[in-house]
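Source file: query-v3.cif. Holds: mmCIF, C-alpha atoms.
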data_data
loop_
_atom_site.label_atom_id
_atom_site.label_comp_id
_atom_site.auth_asym_id
_atom_site.auth_seq_id
_atom_site.Cartn_x
_atom_site.Cartn_y
_atom_site.Cartn_z
CA MET A 1412 0.00 0.00 0.00
CA THR A 1413 2.77 2.46 1.00
CA ALA A 1414 4.86 1.36 -1.96
CA LEU A 1415 1.89 1.92 -4.25
CA ILE A 1416 1.24 5.41 -2.86
CA TRP A 1417 4.91 6.27 -3.12
CA ARG A 1418 5.04 5.02 -6.71
CA ASP A 1419 2.11 7.25 -7.73
CA VAL A 1420 3.57 10.31 -6.00
CA ARG A 1421 6.98 9.73 -7.58
CA ARG A 1422 5.45 9.32 -11.04
CA TYR A 1423 3.45 12.53 -10.59
CA TYR A 1424 6.48 14.64 -9.71
CA ALA A 1425 8.76 12.90 -12.21
CA GLY A 1426 6.20 13.51 -14.95
CA GLY A 1427 6.28 17.26 -14.29
CA GLY A 1428 2.80 17.22 -12.74
CA ALA A 1429 3.65 19.73 -10.03
CA THR A 1430 5.06 22.34 -12.43
CA LEU A 1431 2.03 21.98 -14.66
CA LEU A 1432 -0.33 22.33 -11.71
CA VAL A 1433 1.36 25.42 -10.29
CA SER A 1434 1.57 27.14 -13.70
CA PHE A 1435 -2.05 26.34 -14.53
CA PHE A 1436 -3.31 27.47 -11.13
CA LEU A 1437 -1.42 30.77 -11.32
CA LEU A 1438 -2.56 31.33 -14.88
CA VAL A 1439 -6.22 30.93 -13.89
CA ALA A 1440 -5.69 33.18 -10.86
CA THR A 1441 -4.16 35.92 -13.03
CA LEU A 1442 -6.99 35.73 -15.56
CA PHE A 1443 -9.38 37.30 -13.05
CA PRO A 1444 -7.48 40.60 -12.57
CA PHE A 1445 -7.42 40.88 -16.38
CA ALA A 1446 -11.12 40.13 -16.62
CA ILE A 1447 -12.45 42.33 -13.82
CA GLY A 1448 -9.87 45.12 -13.88
CA PRO A 1449 -7.01 46.08 -11.55
CA ASP A 1450 -9.20 47.51 -8.75
CA ALA A 1451 -7.26 46.48 -5.62
CA THR A 1452 -10.18 46.52 -3.18
CA LEU A 1453 -12.39 44.51 -5.53
CA LEU A 1454 -9.59 41.99 -6.15
CA ALA A 1455 -8.89 41.63 -2.45
CA ARG A 1456 -12.59 40.92 -1.88
CA VAL A 1457 -13.02 38.29 -4.63
CA GLY A 1458 -9.45 36.95 -4.37
CA GLY A 1459 -10.22 34.12 -1.96
CA GLY A 1460 -13.06 32.87 -4.12
CA VAL A 1461 -10.87 33.11 -7.22
CA ILE A 1462 -8.26 30.91 -5.53
CA TRP A 1463 -10.93 28.34 -4.68
CA ALA A 1464 -12.22 28.23 -8.25
CA ALA A 1465 -8.66 27.93 -9.57
CA ALA A 1466 -7.93 25.11 -7.11
CA LEU A 1467 -10.99 23.23 -8.31
CA LEU A 1468 -9.94 23.51 -11.95
CA ALA A 1469 -6.35 22.57 -11.09
CA ALA A 1470 -7.49 19.42 -9.28
CA LEU A 1471 -9.24 18.38 -12.48
CA LEU A 1472 -6.06 18.71 -14.53
CA PRO A 1473 -4.43 15.28 -13.94
CA VAL A 1474 -7.69 13.27 -13.93
CA GLU A 1475 -6.89 11.42 -17.14
CA ARG A 1476 -3.59 10.22 -15.69
CA LEU A 1477 -4.87 8.92 -12.37
CA VAL A 1478 -6.53 5.59 -13.21
CA ALA A 1479 -6.77 4.95 -16.96
CA PRO A 1480 -3.00 4.40 -17.57
CA ASP A 1481 -2.85 1.80 -14.79
CA LEU A 1482 -5.85 -0.03 -16.23
CA ASP A 1483 -4.28 -0.03 -19.71
CA SER A 1484 -0.84 -1.10 -18.56
CA GLY A 1485 -2.19 -4.01 -16.50
CA VAL A 1486 -0.98 -2.59 -13.17
CA ILE A 1487 -4.47 -2.85 -11.67
CA ASP A 1488 -4.78 -6.47 -12.88
CA GLN A 1489 -1.52 -7.29 -11.13
CA LEU A 1490 -2.64 -5.64 -7.90
CA ILE A 1491 -5.98 -7.45 -7.88
CA VAL A 1492 -4.31 -10.80 -8.52
CA ARG A 1493 -2.21 -10.05 -5.43
CA GLY A 1494 -5.36 -9.70 -3.36
CA ARG A 1495 -5.73 -5.92 -3.25
CA THR A 1496 -9.38 -4.91 -3.58
CA PRO A 1497 -10.45 -2.16 -5.99
CA VAL A 1498 -11.50 -0.04 -3.01
CA THR A 1499 -8.03 -0.33 -1.43
CA ILE A 1500 -6.46 0.62 -4.76
CA ALA A 1501 -8.78 3.63 -5.03
CA LEU A 1502 -7.96 4.67 -1.47
CA ALA A 1503 -4.22 4.43 -2.16
CA LYS A 1504 -4.73 6.58 -5.25
CA VAL A 1505 -6.64 9.20 -3.23
CA VAL A 1506 -3.84 9.45 -0.67
CA ALA A 1507 -1.19 9.56 -3.41
CA HIS A 1508 -3.09 12.19 -5.39
CA TRP A 1509 -3.49 14.34 -2.31
CA LEU A 1510 0.21 14.05 -1.46
CA ALA A 1511 1.05 14.91 -5.06
CA PHE A 1512 -1.19 17.90 -5.66
CA ALA A 1513 -1.93 19.53 -2.30
CA PRO A 1514 1.61 20.72 -1.36
CA PRO A 1515 2.31 22.44 -4.71
CA LEU A 1516 -1.20 23.90 -4.65
CA LEU A 1517 -0.72 25.41 -1.19
CA PHE A 1518 2.62 26.81 -2.33
CA ALA A 1519 1.01 28.31 -5.44
CA THR A 1520 -1.69 29.82 -3.24
CA LEU A 1521 0.95 31.92 -1.49
CA VAL A 1522 2.01 33.35 -4.83
CA ALA A 1523 -1.57 33.87 -6.00
CA ALA A 1524 -2.41 35.64 -2.74
CA ALA A 1525 0.35 38.13 -3.44
CA LEU A 1526 -0.90 38.64 -6.99
CA LEU A 1527 -4.46 39.23 -5.78
CA ASP A 1528 -3.36 41.39 -2.84
CA LEU A 1529 -5.09 39.25 -0.20
CA SER A 1530 -4.79 40.30 3.44
CA ALA A 1531 -2.85 38.03 5.82
CA ALA A 1532 -6.07 37.05 7.61
CA GLN A 1533 -7.74 36.10 4.30
CA LEU A 1534 -4.67 34.15 3.20
CA LEU A 1535 -4.68 32.16 6.43
CA LEU A 1536 -8.36 31.33 5.94
CA VAL A 1537 -7.74 30.25 2.34
CA LEU A 1538 -4.79 28.07 3.33
CA ALA A 1539 -6.71 26.46 6.20
CA GLY A 1540 -9.68 25.91 3.92
CA LEU A 1541 -7.59 24.38 1.16
CA ALA A 1542 -5.78 22.13 3.63
CA LEU A 1543 -9.19 20.80 4.73
CA GLY A 1544 -10.81 20.79 1.30
CA THR A 1545 -8.07 19.26 -0.84
CA PRO A 1546 -8.50 15.69 0.56
CA GLY A 1547 -12.11 15.84 -0.62
CA LEU A 1548 -11.01 17.23 -3.97
CA ALA A 1549 -8.43 14.46 -4.35
CA ALA A 1550 -11.05 11.82 -3.54
CA LEU A 1551 -13.44 13.33 -6.07
CA ALA A 1552 -10.72 13.46 -8.74
CA VAL A 1553 -9.89 9.77 -8.27
CA ALA A 1554 -13.55 8.75 -8.40
CA THR A 1555 -14.01 10.81 -11.57
CA ALA A 1556 -10.87 9.29 -13.05
CA ALA A 1557 -12.16 5.77 -12.33
CA LEU A 1558 -15.62 6.53 -13.70
CA THR A 1559 -14.31 8.03 -16.94
CA ALA A 1560 -11.45 5.56 -17.49
CA GLY A 1561 -11.90 4.05 -20.93
CA VAL A 1562 -14.11 6.88 -22.18
CA ARG A 1563 -12.73 8.55 -25.26
CA GLY A 1564 -11.99 12.24 -24.63
CA ALA A 1565 -12.24 11.53 -20.92
CA GLY A 1566 -10.90 14.98 -20.02
CA ALA A 1567 -14.01 16.86 -21.10
CA VAL A 1568 -16.38 14.28 -19.64
CA ALA A 1569 -14.40 14.35 -16.40
CA GLY A 1570 -15.12 18.06 -16.07
CA LEU A 1571 -18.84 17.42 -16.50
CA VAL A 1572 -18.77 14.68 -13.86
CA MET A 1573 -16.53 16.31 -11.30
CA LEU A 1574 -17.33 20.02 -11.26
CA PRO A 1575 -21.00 19.71 -10.20
CA LEU A 1576 -20.01 17.27 -7.45
CA ALA A 1577 -17.35 19.68 -6.24
CA VAL A 1578 -19.85 22.52 -5.81
CA PRO A 1579 -20.45 21.78 -2.09
CA LEU A 1580 -16.72 21.97 -1.45
CA LEU A 1581 -16.56 25.27 -3.33
CA ILE A 1582 -19.53 26.72 -1.45
CA PHE A 1583 -18.24 25.77 1.98
CA GLY A 1584 -14.66 26.58 1.02
CA ALA A 1585 -15.47 30.05 -0.21
CA GLY A 1586 -17.96 30.34 2.68
CA THR A 1587 -15.11 30.19 5.20
CA LEU A 1588 -13.83 33.49 3.76
CA THR A 1589 -16.87 35.55 4.68
CA GLY A 1590 -16.33 34.49 8.27
CA GLY A 1591 -19.68 32.79 8.90
CA GLY A 1592 -19.71 30.57 11.99
CA GLY A 1593 -18.56 26.98 11.56
CA GLY A 1594 -17.36 27.44 7.96
CA LEU A 1595 -14.23 25.36 8.38
CA GLU A 1596 -16.14 22.64 10.24
CA LEU A 1597 -18.69 22.35 7.42
CA LEU A 1598 -15.87 22.22 4.89
CA ALA A 1599 -14.08 19.51 6.87
CA ALA A 1600 -17.33 17.52 7.11
CA THR A 1601 -17.91 17.74 3.34
CA SER A 1602 -14.34 16.69 2.70
CA LEU A 1603 -14.76 13.74 5.07
CA VAL A 1604 -17.99 12.59 3.40
CA LEU A 1605 -16.23 12.64 0.01
CA LEU A 1606 -13.20 10.81 1.43
CA VAL A 1607 -15.36 8.01 2.79
CA GLY A 1608 -17.83 7.74 -0.06
CA THR A 1609 -15.81 8.17 -3.22
CA PRO A 1610 -13.30 5.29 -2.80
CA ILE A 1611 -16.28 2.92 -2.74
CA ALA A 1612 -17.66 4.45 -5.94
CA ALA A 1613 -14.18 4.48 -7.49
CA GLY A 1614 -13.62 0.85 -6.49
CA ALA A 1615 -16.89 -0.17 -8.15
CA ALA A 1616 -15.91 1.77 -11.27
CA ILE A 1617 -12.50 0.06 -11.40
CA ARG A 1618 -14.16 -3.34 -10.96
CA ALA A 1619 -16.54 -2.49 -13.82
CA ALA A 1620 -13.68 -1.32 -16.02
CA LEU A 1621 -12.02 -4.73 -15.67
CA GLU A 1622 -15.00 -6.50 -17.24
CA MET B 745 -2.73 -30.35 -2.81
CA THR B 746 -5.14 -28.84 -5.32
CA LEU B 747 -3.90 -25.51 -6.63
CA LEU B 748 -6.79 -24.81 -8.97
CA ALA B 749 -10.28 -26.22 -9.18
CA ALA B 750 -12.82 -24.93 -11.69
CA ARG B 751 -16.31 -26.46 -11.64
CA GLY B 752 -18.92 -26.00 -14.36
CA LEU B 753 -17.25 -22.78 -15.41
CA ALA B 754 -18.81 -20.55 -18.06
CA VAL B 755 -17.19 -17.51 -19.58
CA ALA B 756 -19.11 -14.60 -21.09
CA ARG B 757 -17.97 -11.29 -22.51
CA GLY B 758 -20.36 -8.44 -23.17
CA GLY B 759 -23.37 -10.70 -22.69
CA ARG B 760 -22.08 -13.26 -25.21
CA TRP B 761 -21.29 -16.76 -23.95
CA LEU B 762 -17.87 -17.89 -25.10
CA ALA B 763 -17.44 -21.20 -23.33
CA GLU B 764 -19.29 -23.28 -20.80
CA GLY B 765 -19.04 -26.45 -18.78
CA ILE B 766 -15.31 -26.14 -18.18
CA GLU B 767 -13.97 -28.53 -15.55
CA LEU B 768 -10.34 -28.20 -14.59
CA THR B 769 -8.38 -29.45 -11.60
CA LEU B 770 -4.67 -28.85 -11.19
CA GLU B 771 -2.61 -30.56 -8.51
CA ARG B 772 0.98 -29.69 -7.68
CA GLY B 773 3.12 -30.23 -10.77
CA GLY B 774 0.08 -30.03 -13.05
CA ALA B 775 -0.37 -27.91 -16.13
CA ALA B 776 -3.15 -27.00 -18.52
CA LEU B 777 -2.88 -25.73 -22.05
CA VAL B 778 -5.80 -23.62 -23.28
CA THR B 779 -6.08 -23.64 -27.06
CA GLY B 780 -8.55 -22.28 -29.54
CA PRO B 781 -8.94 -19.83 -32.40
CA ASN B 782 -8.85 -16.03 -31.92
CA GLY B 783 -11.85 -14.78 -30.00
CA ALA B 784 -12.71 -18.19 -28.58
CA GLY B 785 -12.34 -16.82 -25.05
CA LYS B 786 -8.89 -18.08 -24.07
CA SER B 787 -7.87 -14.82 -22.40
CA SER B 788 -11.29 -14.37 -20.81
CA LEU B 789 -11.12 -17.87 -19.36
CA LEU B 790 -7.70 -17.11 -17.92
CA ARG B 791 -8.96 -13.83 -16.44
CA VAL B 792 -11.81 -15.75 -14.80
CA LEU B 793 -9.32 -18.27 -13.38
CA ALA B 794 -7.23 -15.37 -12.04
CA GLY B 795 -10.24 -13.77 -10.37
CA LEU B 796 -10.09 -10.68 -12.60
CA LEU B 797 -13.43 -11.49 -14.23
CA ALA B 798 -16.51 -12.94 -12.59
CA PRO B 799 -17.54 -16.28 -14.11
CA ALA B 800 -20.89 -16.33 -15.90
CA ALA B 801 -21.57 -19.61 -14.12
CA GLY B 802 -19.69 -22.09 -11.97
CA THR B 803 -16.94 -21.65 -9.39
CA VAL B 804 -13.18 -21.24 -9.26
CA ALA B 805 -11.09 -22.12 -6.20
CA ARG B 806 -7.40 -21.30 -5.99
CA GLY B 807 -5.21 -23.08 -3.48
CA GLY B 808 -2.19 -20.81 -3.49
CA ARG B 809 -0.75 -17.52 -4.60
CA VAL B 810 -1.25 -16.58 -8.25
CA ALA B 811 1.21 -15.04 -10.69
CA TRP B 812 -0.53 -13.40 -13.63
CA MET B 813 1.01 -12.62 -17.00
CA GLY B 814 -1.46 -10.76 -19.16
CA GLU B 815 -1.18 -8.95 -22.44
CA ALA B 816 0.22 -5.78 -20.83
CA ALA B 817 3.59 -5.78 -19.10
CA ALA B 818 2.50 -3.63 -16.11
CA LEU B 819 6.01 -2.23 -15.72
CA ASP B 820 6.44 1.53 -15.36
CA PRO B 821 8.10 2.63 -18.61
CA GLU B 822 10.38 5.27 -17.07
CA ARG B 823 11.91 2.94 -14.47
CA ALA B 824 14.94 0.73 -14.88
CA LEU B 825 13.91 -2.86 -15.55
CA ALA B 826 15.29 -4.29 -12.29
CA GLU B 827 13.69 -1.47 -10.27
CA ALA B 828 10.31 -1.99 -11.94
CA LEU B 829 10.49 -5.70 -11.12
CA ARG B 830 11.56 -5.01 -7.54
CA PHE B 831 8.40 -2.93 -7.06
CA TRP B 832 6.33 -6.03 -7.80
CA ALA B 833 8.58 -8.30 -5.76
CA ALA B 834 7.90 -5.96 -2.83
CA GLN B 835 4.16 -6.24 -3.52
CA ASP B 836 4.56 -10.01 -3.47
CA ASP B 837 6.20 -9.77 -0.07
CA VAL B 838 8.80 -12.41 -0.95
CA PRO B 839 12.00 -12.65 1.10
CA ALA B 840 15.31 -11.54 -0.49
CA ALA B 841 13.51 -9.68 -3.27
CA GLU B 842 16.73 -8.26 -4.70
CA THR B 843 18.38 -11.63 -5.34
CA ARG B 844 15.12 -13.15 -6.57
CA VAL B 845 14.73 -10.40 -9.17
CA ALA B 846 18.35 -10.78 -10.28
CA ALA B 847 17.91 -14.55 -10.58
CA ALA B 848 14.63 -14.13 -12.49
CA LEU B 849 16.30 -11.71 -14.90
CA SER B 850 19.04 -14.19 -15.70
CA ALA B 851 16.43 -16.94 -16.07
CA VAL B 852 14.92 -14.96 -18.97
CA ALA B 853 18.35 -13.81 -20.22
CA LEU B 854 17.72 -10.12 -19.51
CA ASP B 855 20.46 -9.60 -16.91
CA ASP B 856 22.37 -7.30 -19.27
CA LEU B 857 19.40 -4.96 -19.44
CA ALA B 858 18.70 -4.65 -15.70
CA ASP B 859 19.54 -0.92 -15.67
CA VAL B 860 17.80 -0.04 -18.93
CA PRO B 861 14.48 1.85 -18.69
CA VAL B 862 11.51 -0.36 -19.56
CA ARG B 863 10.39 1.99 -22.34
CA LEU B 864 13.53 1.14 -24.35
CA LEU B 865 12.81 -2.60 -24.35
CA SER B 866 11.49 -4.33 -27.45
CA THR B 867 8.16 -6.17 -27.47
CA GLY B 868 9.81 -9.55 -26.99
CA GLN B 869 12.04 -8.23 -24.22
CA ARG B 870 8.99 -6.81 -22.48
CA ARG B 871 7.30 -10.22 -22.61
CA ARG B 872 10.40 -11.76 -21.08
CA ALA B 873 10.41 -9.05 -18.40
CA ALA B 874 6.80 -9.91 -17.56
CA LEU B 875 7.84 -13.54 -17.36
CA ALA B 876 10.66 -12.56 -15.00
CA ARG B 877 8.06 -11.04 -12.66
CA VAL B 878 6.18 -14.36 -12.67
CA VAL B 879 9.41 -16.24 -11.90
CA ALA B 880 10.38 -13.82 -9.11
CA SER B 881 6.93 -13.91 -7.49
CA GLY B 882 7.39 -17.40 -6.08
CA ALA B 883 3.65 -17.99 -6.57
CA GLU B 884 2.43 -21.58 -6.78
CA LEU B 885 -0.01 -21.05 -9.63
CA TRP B 886 1.13 -19.42 -12.85
CA LEU B 887 -1.54 -18.09 -15.22
CA LEU B 888 0.14 -17.09 -18.46
CA ASP B 889 -1.78 -15.51 -21.33
CA GLU B 890 0.05 -16.08 -24.62
CA PRO B 891 3.48 -16.11 -22.96
CA ALA B 892 5.16 -17.26 -26.18
CA SER B 893 3.85 -14.48 -28.42
CA GLY B 894 6.61 -12.19 -29.67
CA LEU B 895 9.36 -14.48 -28.36
CA ASP B 896 12.19 -15.86 -30.50
CA ALA B 897 12.88 -19.61 -30.64
CA ALA B 898 15.54 -19.48 -27.91
CA ALA B 899 13.21 -17.58 -25.59
CA VAL B 900 10.36 -20.05 -26.24
CA ALA B 901 12.71 -22.89 -25.30
CA ARG B 902 13.68 -21.05 -22.10
CA LEU B 903 9.96 -20.52 -21.33
CA ALA B 904 9.37 -24.27 -21.66
CA LEU B 905 12.30 -24.94 -19.33
CA LEU B 906 11.02 -22.43 -16.77
CA LEU B 907 7.58 -24.06 -16.84
CA GLU B 908 9.18 -27.47 -16.38
CA GLY B 909 11.24 -26.21 -13.43
CA HIS B 910 8.19 -24.58 -11.85
CA ARG B 911 6.18 -27.79 -12.10
CA GLY B 912 9.11 -29.80 -10.82
CA ALA B 913 9.21 -27.56 -7.75
CA GLY B 914 5.56 -28.30 -7.00
CA GLY B 915 3.89 -25.47 -8.86
CA ALA B 916 1.16 -25.55 -11.47
CA ALA B 917 0.45 -23.49 -14.57
CA VAL B 918 -2.33 -22.67 -16.99
CA VAL B 919 -1.07 -21.39 -20.33
CA THR B 920 -3.00 -20.09 -23.32
CA THR B 921 -1.28 -20.30 -26.64
CA HIS B 922 -1.92 -20.52 -30.33
CA GLN B 923 1.60 -21.65 -31.14
CA PRO B 924 3.40 -24.89 -30.25
CA LEU B 925 4.79 -24.95 -26.73
CA ALA B 926 6.33 -27.98 -25.07
CA LEU B 927 4.21 -28.69 -21.99
CA PRO B 928 4.40 -32.43 -21.30
CA ASP B 929 1.35 -34.17 -19.80
CA ALA B 930 -0.65 -30.97 -19.84
CA ILE B 931 -4.42 -31.15 -19.67
CA GLU B 932 -5.70 -29.69 -22.91
CA VAL B 933 -8.64 -27.30 -22.72
CA ALA B 934 -9.81 -26.70 -26.29
CA LEU B 935 -12.27 -23.85 -26.67
#
Represent the supplied structure as structure tokens.
Amino acid sequence: MTALIWRDVRRYYAGGGATLLVSFFLLVATLFPFAIGPDATLLARVGGGVIWAAALLAALLPVERLVAPDLDSGVIDQLIVRGRTPVTIALAKVVAHWLAFAPPLLFATLVAAALLDLSAAQLLLVLAGLALGTPGLAALAVATAALTAGVRGAGAVAGLVMLPLAVPLLIFGAGTLTGGGGGLELLAATSLVLLVGTPIAAGAAIRAALE
Amino acid sequence: MTLLAARGLAVARGGRWLAEGIELTLERGGAALVTGPNGAGKSSLLRVLAGLLAPAAGTVARGGRVAWMGEAAALDPERALAEALRFWAAQDDVPAAETRVAAALSAVALDDLADVPVRLLSTGQRRRAALARVVASGAELWLLDEPASGLDAAAVARLALLLEGHRGAGGAAVVTTHQPLALPDAIEVAL
């Protein structure tokens, strides 16, 4: 299990996944100042939400590489023959995906916060929110990857599957920024529900993809 | 000891029945050769025996660890061959993984290529690498899907020797093939 997680993380970084993620995330974050104008107060107000939307899109980026290549190359066959269940495999992939994409994302958030002129208090809230929300995002990405494995043009379909399901995370994530009571707790709860539920769905999807 | 017992097995793919009423029992030292034309369901039958596919009817019982050699090599292309094999040896939880992998590589005559990335290997070399994983696994039951495809004559002879050695050591094997492969006293399953 640890070896499997480590393998996925290593492949992600070796394949340039982190650079791609950080560049994409910053690119999306800089699109907003261009689109809504360089008004500093306005940017500071919407900045946190922009970062959340960018994080959501960035989590979607590697979806095609999470499950489908391992199904094609027979890696999943080999794991199942060795007694690993599809749910265990999915869970390992969630942990690996989180380890691979959350640290660079949090790092990129620091840069984006400077670009968007966020206050220190807002930045702290965004970082805390992302730390709690990214496990849920990783789980959702793996489930989407498993569901769309074997679909031609899976990238576009993955967006259609994942983005609506990620709306609760976005709402509660961005909700923490306005300072309503219990925002972080609600976000953590949503993340937890996704973490528990999606490996089961992903496992079933992997099992179905083997047929 | 029975390593594989299939009772009244039926294989279906996409709602189409490919084979039914398959009875197969393998004791230690036993072997089965699955033959048939393309599309007869050889690979599907092997996947059912490995537990990768659910049987359409009947039961499969396996009495030991399984080593699976499918169509795909399942070796990470960017890794050195020996490293990629060691990953699987670690998954198999076998003792002395390093020496086992080295021994398996020489058994398939790939020891010169141990440090070469998998992506640079030819098709035949990749098949031999997949065979090396089977050898290194130490599993009792080998399930090999077309192990001889893409191999040259010398490699096919080595494959036959490896199968003989495995059976001699108390293992069993099921092999699908559409080309001649020396497998003495094997039960023939013709689809």
A:Leu1468: which residues within 12 Å, counting only C-alpha atoms, same-chain residues fewer than 2 positions away excluded, as a ChimeraX atom specification?
-> /A:1432-1433,1435-1440,1461-1466,1470-1474,1516,1548-1549,1552,1566,1569-1571,1573-1575,1577-1578,1581
Residues in the PyMOL selection byres ((chain B) within 8 of (chain A)), expressed as an MDAnalysis selection string
chainID B and resid 757 794:797 809:812 814:819 831 834:836
Of A:Phe1512, A:Glu1475, A:Arg1456, A:Thr1441, the one sitting nearest A:Gly1427 when using all atoms listed in the file is A:Phe1512
To one decimal place in Å, what is the distance between atom CA of A:Thr1499 and atom CA of B:Arg863?
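Rounded to one decimal, the two atoms are 28.0 Å apart.
The space separating atom CA of A:Val1537 from atom CA of A:Val1553 comes to 23.2 Å.
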**Request:** To one decimal in Å, tell me the separation between atom CA of B:Lys786 and atom CA of B:Leu935.
**Result:**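 Straight-line distance from atom CA of B:Lys786 to atom CA of B:Leu935 works out to 7.2 Å.
Residues with any atom within 9 Å of B:Ser881, counting only C-alpha atoms and excluding same-chain neighbours fewer than 3 positions away, are Arg809, Val810, Ala811, Trp832, Ala833, Asp836, Asp837, Val838, Ala841, Arg844, Val845, Ala876, Arg877, Val878 and Glu884 of chain B.
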Residue subset to file, keeping C-alpha atoms, as a compact mmCIF listing (two decimals), in the frame of the given file:
# COMPACT_ATOMS: atom_id res chain seq x y z
CA ARG B 809 -0.75 -17.52 -4.60
CA VAL B 810 -1.25 -16.58 -8.25
CA ALA B 811 1.21 -15.04 -10.69
CA TRP B 832 6.33 -6.03 -7.80
CA ALA B 833 8.58 -8.30 -5.76
CA ASP B 836 4.56 -10.01 -3.47
CA ASP B 837 6.20 -9.77 -0.07
CA VAL B 838 8.80 -12.41 -0.95
CA ALA B 841 13.51 -9.68 -3.27
CA ARG B 844 15.12 -13.15 -6.57
CA VAL B 845 14.73 -10.40 -9.17
CA ALA B 876 10.66 -12.56 -15.00
CA ARG B 877 8.06 -11.04 -12.66
CA VAL B 878 6.18 -14.36 -12.67
CA GLU B 884 2.43 -21.58 -6.78
Decode the PyMOL selection byres ((chain B and resi 928) around 12) for the given file into explicit residues and return them as a PDB file with C-alpha atoms, in the coordinates of the input.
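Wrote result.pdb, looks like this:
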ATOM      1  CA  GLY B 773       3.120 -30.230 -10.770  1.00  0.00           C
ATOM      2  CA  GLY B 774       0.080 -30.030 -13.050  1.00  0.00           C
ATOM      3  CA  ALA B 775      -0.370 -27.910 -16.130  1.00  0.00           C
ATOM      4  CA  ALA B 776      -3.150 -27.000 -18.520  1.00  0.00           C
ATOM      5  CA  LEU B 777      -2.880 -25.730 -22.050  1.00  0.00           C
ATOM      6  CA  ALA B 904       9.370 -24.270 -21.660  1.00  0.00           C
ATOM      7  CA  LEU B 905      12.300 -24.940 -19.330  1.00  0.00           C
ATOM      8  CA  LEU B 907       7.580 -24.060 -16.840  1.00  0.00           C
ATOM      9  CA  GLU B 908       9.180 -27.470 -16.380  1.00  0.00           C
ATOM     10  CA  ARG B 911       6.180 -27.790 -12.100  1.00  0.00           C
ATOM     11  CA  GLY B 912       9.110 -29.800 -10.820  1.00  0.00           C
ATOM     12  CA  ALA B 917       0.450 -23.490 -14.570  1.00  0.00           C
ATOM     13  CA  PRO B 924       3.400 -24.890 -30.250  1.00  0.00           C
ATOM     14  CA  LEU B 925       4.790 -24.950 -26.730  1.00  0.00           C
ATOM     15  CA  ALA B 926       6.330 -27.980 -25.070  1.00  0.00           C
ATOM     16  CA  LEU B 927       4.210 -28.690 -21.990  1.00  0.00           C
ATOM     17  CA  ASP B 929       1.350 -34.170 -19.800  1.00  0.00           C
ATOM     18  CA  ALA B 930      -0.650 -30.970 -19.840  1.00  0.00           C
ATOM     19  CA  ILE B 931      -4.420 -31.150 -19.670  1.00  0.00           C
ATOM     20  CA  GLU B 932      -5.700 -29.690 -22.910  1.00  0.00           C
TER      21      GLU B 932
END
Please list as a list of chain:residue names every residue within 12 Å of B:Glu764, counting only C-alpha atoms and excluding residues in the same chain fewer than 5 positions away.
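My list of contacting residues is B:Ala750, B:Arg751, B:Gly752, B:Leu753, B:Ala754, B:Val755, B:Ala756, B:Ala784, B:Gly785, B:Ser788, B:Leu789, B:Pro799, B:Ala800, B:Ala801, B:Gly802, B:Thr803, B:Val933, B:Ala934, B:Leu935.
For the file shown, the residue list from the PyMOL selection byres ((chain B and resi 922) around 10) reads B:Leu777, B:Val778, B:Thr779, B:Gly780, B:Pro781, B:Asn782, B:Lys786, B:Glu890, B:Ala892, B:Ser893, B:Thr920, B:Thr921, B:Gln923, B:Pro924, B:Leu925.
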Suppose we keep C-alpha atoms; can you now write the selection as a PDB file, in the coordinates of the input?
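See result-v4.pdb below for the written result:
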ATOM      1  CA  LEU B 777      -2.880 -25.730 -22.050  1.00  0.00           C
ATOM      2  CA  VAL B 778      -5.800 -23.620 -23.280  1.00  0.00           C
ATOM      3  CA  THR B 779      -6.080 -23.640 -27.060  1.00  0.00           C
ATOM      4  CA  GLY B 780      -8.550 -22.280 -29.540  1.00  0.00           C
ATOM      5  CA  PRO B 781      -8.940 -19.830 -32.400  1.00  0.00           C
ATOM      6  CA  ASN B 782      -8.850 -16.030 -31.920  1.00  0.00           C
ATOM      7  CA  LYS B 786      -8.890 -18.080 -24.070  1.00  0.00           C
ATOM      8  CA  GLU B 890       0.050 -16.080 -24.620  1.00  0.00           C
ATOM      9  CA  ALA B 892       5.160 -17.260 -26.180  1.00  0.00           C
ATOM     10  CA  SER B 893       3.850 -14.480 -28.420  1.00  0.00           C
ATOM     11  CA  THR B 920      -3.000 -20.090 -23.320  1.00  0.00           C
ATOM     12  CA  THR B 921      -1.280 -20.300 -26.640  1.00  0.00           C
ATOM     13  CA  GLN B 923       1.600 -21.650 -31.140  1.00  0.00           C
ATOM     14  CA  PRO B 924       3.400 -24.890 -30.250  1.00  0.00           C
ATOM     15  CA  LEU B 925       4.790 -24.950 -26.730  1.00  0.00           C
TER      16      LEU B 925
END
Starting from 4 Å padding per side, set up an axis-aligned box that covers all listed atoms of stretch 1546-1554 of chain A and hand over centre and edge lengths in Å, one decimal, as lines of an AutoDock Vina configuration file.
center_x = -11.0
center_y = 13.0
center_z = -4.1
size_x = 13.1
size_y = 16.5
size_z = 17.3
Can you spit out stretch 1490-1501 of chain A with C-alpha atoms, as a compact mmCIF listing (two decimals), in the first residue's frame, from the structure just given?
# COMPACT_ATOMS: atom_id res chain seq x y z
CA LEU A 1490 -2.64 -5.64 -7.90
CA ILE A 1491 -5.98 -7.45 -7.88
CA VAL A 1492 -4.31 -10.80 -8.52
CA ARG A 1493 -2.21 -10.05 -5.43
CA GLY A 1494 -5.36 -9.70 -3.36
CA ARG A 1495 -5.73 -5.92 -3.25
CA THR A 1496 -9.38 -4.91 -3.58
CA PRO A 1497 -10.45 -2.16 -5.99
CA VAL A 1498 -11.50 -0.04 -3.01
CA THR A 1499 -8.03 -0.33 -1.43
CA ILE A 1500 -6.46 0.62 -4.76
CA ALA A 1501 -8.78 3.63 -5.03
